[in-house]
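Remarks on the structure that follows.
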Amino acid sequence: MTNLLFATNNKHKLHEVRAIMGHEFNILSLKDVNLDIDIPETRETIEGNAVQKARFIYEMTGKNCFADDTGLEIDALEGRPGVYSARYAGENCSFDDNIDKILLELSGKENRKACFRCVICLILDGNEYLFEGRIDGVITLERRGKDGFGYDPVFLPDGYRQTFAEMPTYLKNGISHRGRAVDQMAKELKGKQVNR
Ligand code: IMP
């Protein structure tokens with residue numbers, strides 16, 4: 001089985017990626033390799049942050065690894081929160097604070113189109129690969145659903161009647177930004193028959 005370290009401290013992402021990658025891959029968490037650290041993400045693009053996070057962990061551990069960075073881009077807010085999605089409402093803010101902020105900024109606006117963009121940077125033996133997944137949708141008027149994380153309760157993907165927080169995880173993973181990026185990474189890994 002292929003071992004691959006996921007450079008994240010986000011347990012929701014870990015859970016999703018493990019489910020998407022299936023049994024052929026053993027996705028290790030930072031905890032699994034006894035690393036308890038904050039990973040810097042100070043770049044100004046989603047791609048830049050994904051590369052920064054993956055390089056940081058690769059340089060620290062020497063292990064093949066990957067990192068993802070995700071942004072919610074809202075049309076009427078000129079693409080915000082984008083790369084600032086995690087701390088949109090300020091340092092140490094909660095998922096709820098971020099949702100409150102975008103709902104307030106969108107109040108009275110007709111155009112509620114948005115997309116999630118996820119970039120994964122995979123590092124294998126020092127070589128870097130980038131994968132991108134995107135899902136389009138709209139921001140709902142209020143929260144719906146209890147599952148998922150982050151902005152899931154207010155993101156309604158195009159063509160669906162359930163927000164990401166209302167749908168079962170397998171359905172979110174099947175269509176989501178992260179699901180699409182992870183699928184591409186899995187294809188690349190299978191093609192390389194990475195085995196270590
Ligand atoms: P990160 O910088 O990639 O960790 O993600 C930035 C922020 O985007 C997270 O803190 C979440 O609030 C949000 N986010 C990332 N992925 C998802 C998702 O799959 N659903 C909803 N929100 C997400």
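In the structure tokens, the first chain shown is A, the next is B, and so on; residue numbers restart at 1 for each chain, and ligands run from 1 in the order shown.
The shell of residues at most 12 Å from A:Tyr88, with only C-alpha atoms counted and near chain neighbours (fewer than 3 positions) removed, consists of Gly71, Leu72, Glu73, Arg80, Pro81, Gly82, Val83, Tyr84, Ser85, Glu91, Asn92, Cys93, Ser94, Phe95, Asp96, Asp97, Asn98, Ile99, Asp100, Lys101, Ile102, Glu105, Gly150 and Tyr151 of chain A.
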Residues from last step as file, N, CA, C and O atoms, as a tab-separated table (two decimals), in the first residue's frame:
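Output saved as again-v6.tsv:
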chain	number	residue	atom	x	y	z
A	71	GLY	N	-10.13	27.92	-1.57
A	71	GLY	CA	-10.73	29.24	-1.41
A	71	GLY	C	-12.15	29.24	-1.95
A	71	GLY	O	-12.46	28.56	-2.92
A	72	LEU	N	-13.00	30.00	-1.26
A	72	LEU	CA	-14.36	30.24	-1.74
A	72	LEU	C	-14.33	31.58	-2.45
A	72	LEU	O	-13.98	32.60	-1.84
A	73	GLU	N	-14.67	31.58	-3.74
A	73	GLU	CA	-14.61	32.83	-4.52
A	73	GLU	C	-16.04	33.25	-4.88
A	73	GLU	O	-16.75	32.51	-5.55
A	80	ARG	N	-13.65	37.54	-3.31
A	80	ARG	CA	-13.41	37.30	-1.88
A	80	ARG	C	-14.36	36.22	-1.36
A	80	ARG	O	-15.43	36.04	-1.95
A	81	PRO	N	-14.06	35.52	-0.28
A	81	PRO	CA	-12.84	35.60	0.54
A	81	PRO	C	-11.61	34.97	-0.11
A	81	PRO	O	-10.50	35.23	0.31
A	82	GLY	N	-11.77	34.12	-1.12
A	82	GLY	CA	-10.63	33.59	-1.87
A	82	GLY	C	-9.54	33.01	-0.98
A	82	GLY	O	-9.81	32.20	-0.10
A	83	VAL	N	-8.33	33.49	-1.19
A	83	VAL	CA	-7.19	32.94	-0.45
A	83	VAL	C	-7.30	33.24	1.06
A	83	VAL	O	-6.64	32.60	1.88
A	84	TYR	N	-8.17	34.19	1.41
A	84	TYR	CA	-8.34	34.53	2.83
A	84	TYR	C	-9.54	33.82	3.47
A	84	TYR	O	-10.03	34.24	4.51
A	85	SER	N	-10.00	32.73	2.85
A	85	SER	CA	-11.23	32.06	3.32
A	85	SER	C	-11.16	31.61	4.77
A	85	SER	O	-12.16	31.68	5.49
A	91	GLU	N	-8.39	37.04	12.71
A	91	GLU	CA	-7.60	35.99	13.36
A	91	GLU	C	-8.45	35.24	14.37
A	91	GLU	O	-9.27	35.87	15.06
A	92	ASN	N	-8.27	33.96	14.47
A	92	ASN	CA	-8.98	33.11	15.44
A	92	ASN	C	-10.50	33.11	15.29
A	92	ASN	O	-11.22	32.83	16.24
A	93	CYS	N	-10.98	33.46	14.11
A	93	CYS	CA	-12.44	33.46	13.92
A	93	CYS	C	-12.92	32.02	13.70
A	93	CYS	O	-12.14	31.13	13.38
A	94	SER	N	-14.22	31.83	13.89
A	94	SER	CA	-14.79	30.49	13.72
A	94	SER	C	-15.42	30.38	12.32
A	94	SER	O	-15.58	31.38	11.62
A	95	PHE	N	-15.79	29.14	11.96
A	95	PHE	CA	-16.50	28.94	10.68
A	95	PHE	C	-17.76	29.82	10.67
A	95	PHE	O	-18.11	30.41	9.66
A	96	ASP	N	-18.44	29.87	11.82
A	96	ASP	CA	-19.68	30.65	11.89
A	96	ASP	C	-19.43	32.14	11.67
A	96	ASP	O	-20.23	32.82	11.02
A	97	ASP	N	-18.33	32.66	12.23
A	97	ASP	CA	-18.01	34.08	12.03
A	97	ASP	C	-17.83	34.38	10.54
A	97	ASP	O	-18.28	35.39	10.03
A	98	ASN	N	-17.12	33.47	9.85
A	98	ASN	CA	-16.88	33.67	8.42
A	98	ASN	C	-18.18	33.66	7.64
A	98	ASN	O	-18.40	34.48	6.74
A	99	ILE	N	-19.06	32.71	8.00
A	99	ILE	CA	-20.35	32.63	7.29
A	99	ILE	C	-21.16	33.90	7.55
A	99	ILE	O	-21.73	34.50	6.62
A	100	ASP	N	-21.20	34.33	8.81
A	100	ASP	CA	-21.94	35.56	9.13
A	100	ASP	C	-21.43	36.73	8.27
A	100	ASP	O	-22.21	37.52	7.77
A	101	LYS	N	-20.12	36.79	8.12
A	101	LYS	CA	-19.55	37.92	7.37
A	101	LYS	C	-19.96	37.89	5.90
A	101	LYS	O	-20.37	38.92	5.34
A	102	ILE	N	-19.89	36.71	5.27
A	102	ILE	CA	-20.26	36.70	3.83
A	102	ILE	C	-21.77	36.93	3.66
A	102	ILE	O	-22.18	37.59	2.72
A	105	GLU	N	-22.28	40.60	3.87
A	105	GLU	CA	-21.78	41.31	2.69
A	105	GLU	C	-22.65	41.06	1.46
A	105	GLU	O	-22.68	41.89	0.54
A	150	GLY	N	-16.59	24.44	7.49
A	150	GLY	CA	-16.35	25.70	6.80
A	150	GLY	C	-17.64	26.32	6.27
A	150	GLY	O	-18.63	26.48	6.99
A	151	TYR	N	-17.62	26.65	5.00
A	151	TYR	CA	-18.76	27.34	4.37
A	151	TYR	C	-19.81	26.36	3.85
A	151	TYR	O	-20.76	26.79	3.17
Item to check | Contacts to ligand 1 at 9 Å cut-off (only C-alpha atoms and all ligand atoms) as a PyMOL selection string | outcome: chain A and resi 8-10+12-13+16+41+46+49-50+67-72+81-88+94-95+98-99+116-119+148-155+164-165+172-173+176-179
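Distances from A:Ala186, A:Tyr170, A:Thr45, A:Thr140 to A:Ile27 were compared using only C-alpha atoms, and the smallest one belongs to A:Ala186.
If you measure from each of A:Arg18, A:Ala114, A:Ser107, A:Glu78 to A:Glu142 using only C-alpha atoms, the closest one turns out to be A:Ser107.
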Mind checking which residues fall within 10 Å of A:Arg112, counting only C-alpha atoms, ignoring those fewer than 6 positions away in the same chain, and posting them as a PDB file with all heavy atoms, in the first residue's frame?
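Written out: part_14.pdb:
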ATOM      1  N   ILE A  74     -16.426  34.426  -4.375  1.00  0.00           N
ATOM      2  CA  ILE A  74     -17.802  34.894  -4.563  1.00  0.00           C
ATOM      3  C   ILE A  74     -17.810  36.039  -5.578  1.00  0.00           C
ATOM      4  O   ILE A  74     -17.102  37.040  -5.398  1.00  0.00           O
ATOM      5  CB  ILE A  74     -18.397  35.364  -3.208  1.00  0.00           C
ATOM      6  CG1 ILE A  74     -18.387  34.194  -2.214  1.00  0.00           C
ATOM      7  CG2 ILE A  74     -19.814  35.902  -3.402  1.00  0.00           C
ATOM      8  CD1 ILE A  74     -18.897  34.546  -0.818  1.00  0.00           C
ATOM      9  N   ASP A  75     -18.595  35.846  -6.638  1.00  0.00           N
ATOM     10  CA  ASP A  75     -18.629  36.823  -7.747  1.00  0.00           C
ATOM     11  C   ASP A  75     -18.884  38.247  -7.262  1.00  0.00           C
ATOM     12  O   ASP A  75     -18.136  39.165  -7.588  1.00  0.00           O
ATOM     13  CB  ASP A  75     -19.772  36.473  -8.717  1.00  0.00           C
ATOM     14  CG  ASP A  75     -19.338  35.441  -9.746  1.00  0.00           C
ATOM     15  OD1 ASP A  75     -18.309  34.775  -9.496  1.00  0.00           O
ATOM     16  OD2 ASP A  75     -20.041  35.298 -10.766  1.00  0.00           O
ATOM     17  N   ALA A  76     -19.968  38.418  -6.490  1.00  0.00           N
ATOM     18  CA  ALA A  76     -20.383  39.776  -6.102  1.00  0.00           C
ATOM     19  C   ALA A  76     -19.400  40.429  -5.135  1.00  0.00           C
ATOM     20  O   ALA A  76     -19.478  41.631  -4.881  1.00  0.00           O
ATOM     21  CB  ALA A  76     -21.778  39.737  -5.484  1.00  0.00           C
ATOM     22  N   LEU A  77     -18.476  39.638  -4.598  1.00  0.00           N
ATOM     23  CA  LEU A  77     -17.461  40.200  -3.681  1.00  0.00           C
ATOM     24  C   LEU A  77     -16.089  40.235  -4.361  1.00  0.00           C
ATOM     25  O   LEU A  77     -15.050  40.163  -3.698  1.00  0.00           O
ATOM     26  CB  LEU A  77     -17.396  39.366  -2.386  1.00  0.00           C
ATOM     27  CG  LEU A  77     -18.705  39.198  -1.609  1.00  0.00           C
ATOM     28  CD1 LEU A  77     -18.475  38.371  -0.332  1.00  0.00           C
ATOM     29  CD2 LEU A  77     -19.316  40.544  -1.250  1.00  0.00           C
ATOM     30  N   LEU A 103     -22.581  36.392   4.581  1.00  0.00           N
ATOM     31  CA  LEU A 103     -24.038  36.607   4.445  1.00  0.00           C
ATOM     32  C   LEU A 103     -24.364  38.091   4.575  1.00  0.00           C
ATOM     33  O   LEU A 103     -25.199  38.624   3.845  1.00  0.00           O
ATOM     34  CB  LEU A 103     -24.821  35.787   5.484  1.00  0.00           C
ATOM     35  CG  LEU A 103     -24.838  34.266   5.261  1.00  0.00           C
ATOM     36  CD1 LEU A 103     -25.658  33.572   6.339  1.00  0.00           C
ATOM     37  CD2 LEU A 103     -25.368  33.898   3.878  1.00  0.00           C
ATOM     38  N   LEU A 106     -23.332  39.923   1.454  1.00  0.00           N
ATOM     39  CA  LEU A 106     -24.165  39.600   0.283  1.00  0.00           C
ATOM     40  C   LEU A 106     -25.611  40.066   0.452  1.00  0.00           C
ATOM     41  O   LEU A 106     -26.398  39.928  -0.480  1.00  0.00           O
ATOM     42  CB  LEU A 106     -24.168  38.081   0.040  1.00  0.00           C
ATOM     43  CG  LEU A 106     -22.925  37.503  -0.645  1.00  0.00           C
ATOM     44  CD1 LEU A 106     -23.031  35.989  -0.752  1.00  0.00           C
ATOM     45  CD2 LEU A 106     -22.735  38.103  -2.034  1.00  0.00           C
ATOM     46  N   GLY A 137     -21.469  27.132  -7.797  1.00  0.00           N
ATOM     47  CA  GLY A 137     -22.741  27.070  -7.081  1.00  0.00           C
ATOM     48  C   GLY A 137     -23.202  28.460  -6.688  1.00  0.00           C
ATOM     49  O   GLY A 137     -22.766  29.455  -7.283  1.00  0.00           O
ATOM     50  N   VAL A 138     -24.072  28.502  -5.687  1.00  0.00           N
ATOM     51  CA  VAL A 138     -24.531  29.804  -5.166  1.00  0.00           C
ATOM     52  C   VAL A 138     -24.479  29.787  -3.636  1.00  0.00           C
ATOM     53  O   VAL A 138     -24.502  28.714  -3.021  1.00  0.00           O
ATOM     54  CB  VAL A 138     -25.986  30.127  -5.597  1.00  0.00           C
ATOM     55  CG1 VAL A 138     -26.077  30.374  -7.088  1.00  0.00           C
ATOM     56  CG2 VAL A 138     -26.956  29.053  -5.150  1.00  0.00           C
ATOM     57  N   ILE A 139     -24.439  30.975  -3.067  1.00  0.00           N
ATOM     58  CA  ILE A 139     -24.499  31.114  -1.609  1.00  0.00           C
ATOM     59  C   ILE A 139     -25.973  31.264  -1.226  1.00  0.00           C
ATOM     60  O   ILE A 139     -26.669  32.148  -1.746  1.00  0.00           O
ATOM     61  CB  ILE A 139     -23.693  32.353  -1.128  1.00  0.00           C
ATOM     62  CG1 ILE A 139     -22.227  32.251  -1.579  1.00  0.00           C
ATOM     63  CG2 ILE A 139     -23.785  32.500   0.390  1.00  0.00           C
ATOM     64  CD1 ILE A 139     -21.452  31.062  -1.053  1.00  0.00           C
ATOM     65  N   THR A 140     -26.430  30.394  -0.326  1.00  0.00           N
ATOM     66  CA  THR A 140     -27.843  30.421   0.080  1.00  0.00           C
ATOM     67  C   THR A 140     -28.117  31.653   0.960  1.00  0.00           C
ATOM     68  O   THR A 140     -27.183  32.303   1.455  1.00  0.00           O
ATOM     69  CB  THR A 140     -28.200  29.145   0.866  1.00  0.00           C
ATOM     70  OG1 THR A 140     -27.226  28.975   1.899  1.00  0.00           O
ATOM     71  CG2 THR A 140     -28.181  27.914  -0.024  1.00  0.00           C
ATOM     72  N   LEU A 141     -29.391  31.915   1.195  1.00  0.00           N
ATOM     73  CA  LEU A 141     -29.742  33.082   2.004  1.00  0.00           C
ATOM     74  C   LEU A 141     -29.479  32.838   3.484  1.00  0.00           C
ATOM     75  O   LEU A 141     -29.232  33.763   4.257  1.00  0.00           O
ATOM     76  CB  LEU A 141     -31.221  33.429   1.810  1.00  0.00           C
ATOM     77  CG  LEU A 141     -31.573  33.942   0.400  1.00  0.00           C
ATOM     78  CD1 LEU A 141     -33.073  34.015   0.220  1.00  0.00           C
ATOM     79  CD2 LEU A 141     -30.928  35.307   0.161  1.00  0.00           C
ATOM     80  N   PHE A 155     -23.282  26.741   0.960  1.00  0.00           N
ATOM     81  CA  PHE A 155     -22.877  26.522  -0.440  1.00  0.00           C
ATOM     82  C   PHE A 155     -23.785  25.491  -1.093  1.00  0.00           C
ATOM     83  O   PHE A 155     -23.821  24.320  -0.696  1.00  0.00           O
ATOM     84  CB  PHE A 155     -21.418  26.063  -0.539  1.00  0.00           C
ATOM     85  CG  PHE A 155     -20.942  25.982  -1.970  1.00  0.00           C
ATOM     86  CD1 PHE A 155     -20.539  27.136  -2.643  1.00  0.00           C
ATOM     87  CD2 PHE A 155     -20.932  24.778  -2.656  1.00  0.00           C
ATOM     88  CE1 PHE A 155     -20.124  27.080  -3.975  1.00  0.00           C
ATOM     89  CE2 PHE A 155     -20.520  24.710  -3.984  1.00  0.00           C
ATOM     90  CZ  PHE A 155     -20.109  25.870  -4.645  1.00  0.00           C
TER      91      PHE A 155
END
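Straight-line separation from atom CA of A:Leu130 to atom CA of A:Gly48: 10.6 Å.
With distances taken over only C-alpha atoms, A:Leu5 is the one residue among A:Ile20, A:Lys146, A:Leu5, A:Gln162 lying closest to A:Val33.
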Item to check | All residues 10 Å or closer to A:Leu35, only C-alpha atoms, same chain fewer than 6 positions away omitted, as a PyMOL selection string | outcome: chain A and resi 7+9+29+57+60-61
All residues 10 Å or closer to A:Asn64, only C-alpha atoms, same chain fewer than 5 positions away omitted, as a CSV table (one decimal) with C-alpha atoms, in the first residue's frame:
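Result went into around-v9.csv, see below:
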chain,number,residue,atom,x,y,z
A,3,ASN,CA,1.9,5.7,2.2
A,4,LEU,CA,1.4,9.4,1.7
A,5,LEU,CA,1.6,12.2,4.2
A,6,PHE,CA,-1.1,14.8,4.2
A,54,ALA,CA,3.7,20.9,0.9
A,57,ILE,CA,6.4,19.5,5.4
A,58,TYR,CA,8.6,17.8,2.7
A,59,GLU,CA,11.6,19.8,3.9
A,122,LEU,CA,2.0,16.8,-4.3
A,123,ILE,CA,5.8,16.3,-3.7
A,124,LEU,CA,7.3,13.0,-4.8
A,125,ASP,CA,11.0,12.6,-4.3
A,126,GLY,CA,11.4,16.4,-4.6
A,127,ASN,CA,9.3,16.7,-7.8
A,194,VAL,CA,4.4,4.8,-6.3
A,196,ARG,CA,6.9,3.0,-0.6
Checklist entry - Could you write out, as a PyMOL selection string, all the residues of stretch 11-193 of chain A that DSSP marks as strand (DSSP E or B)? => result chain A and resi 25-28+65-74+81-82+113-124+127-139+155-157
Checklist entry - Where in chain A does DSSP assign alpha helix (DSSP H), given as a ChimeraX atom specification? => result /A:11-21,46-61,95-106,169-175,177-192
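The interatomic distance for the pair atom CA of A:Ile120 and atom CA of A:Met1 works out to 21.0 Å.
For the set A:Tyr129, A:Gly108, A:Gly90, A:Cys115, the residue with the smallest atom-to-atom gap to A:Leu189 is A:Tyr129, counting only C-alpha atoms.
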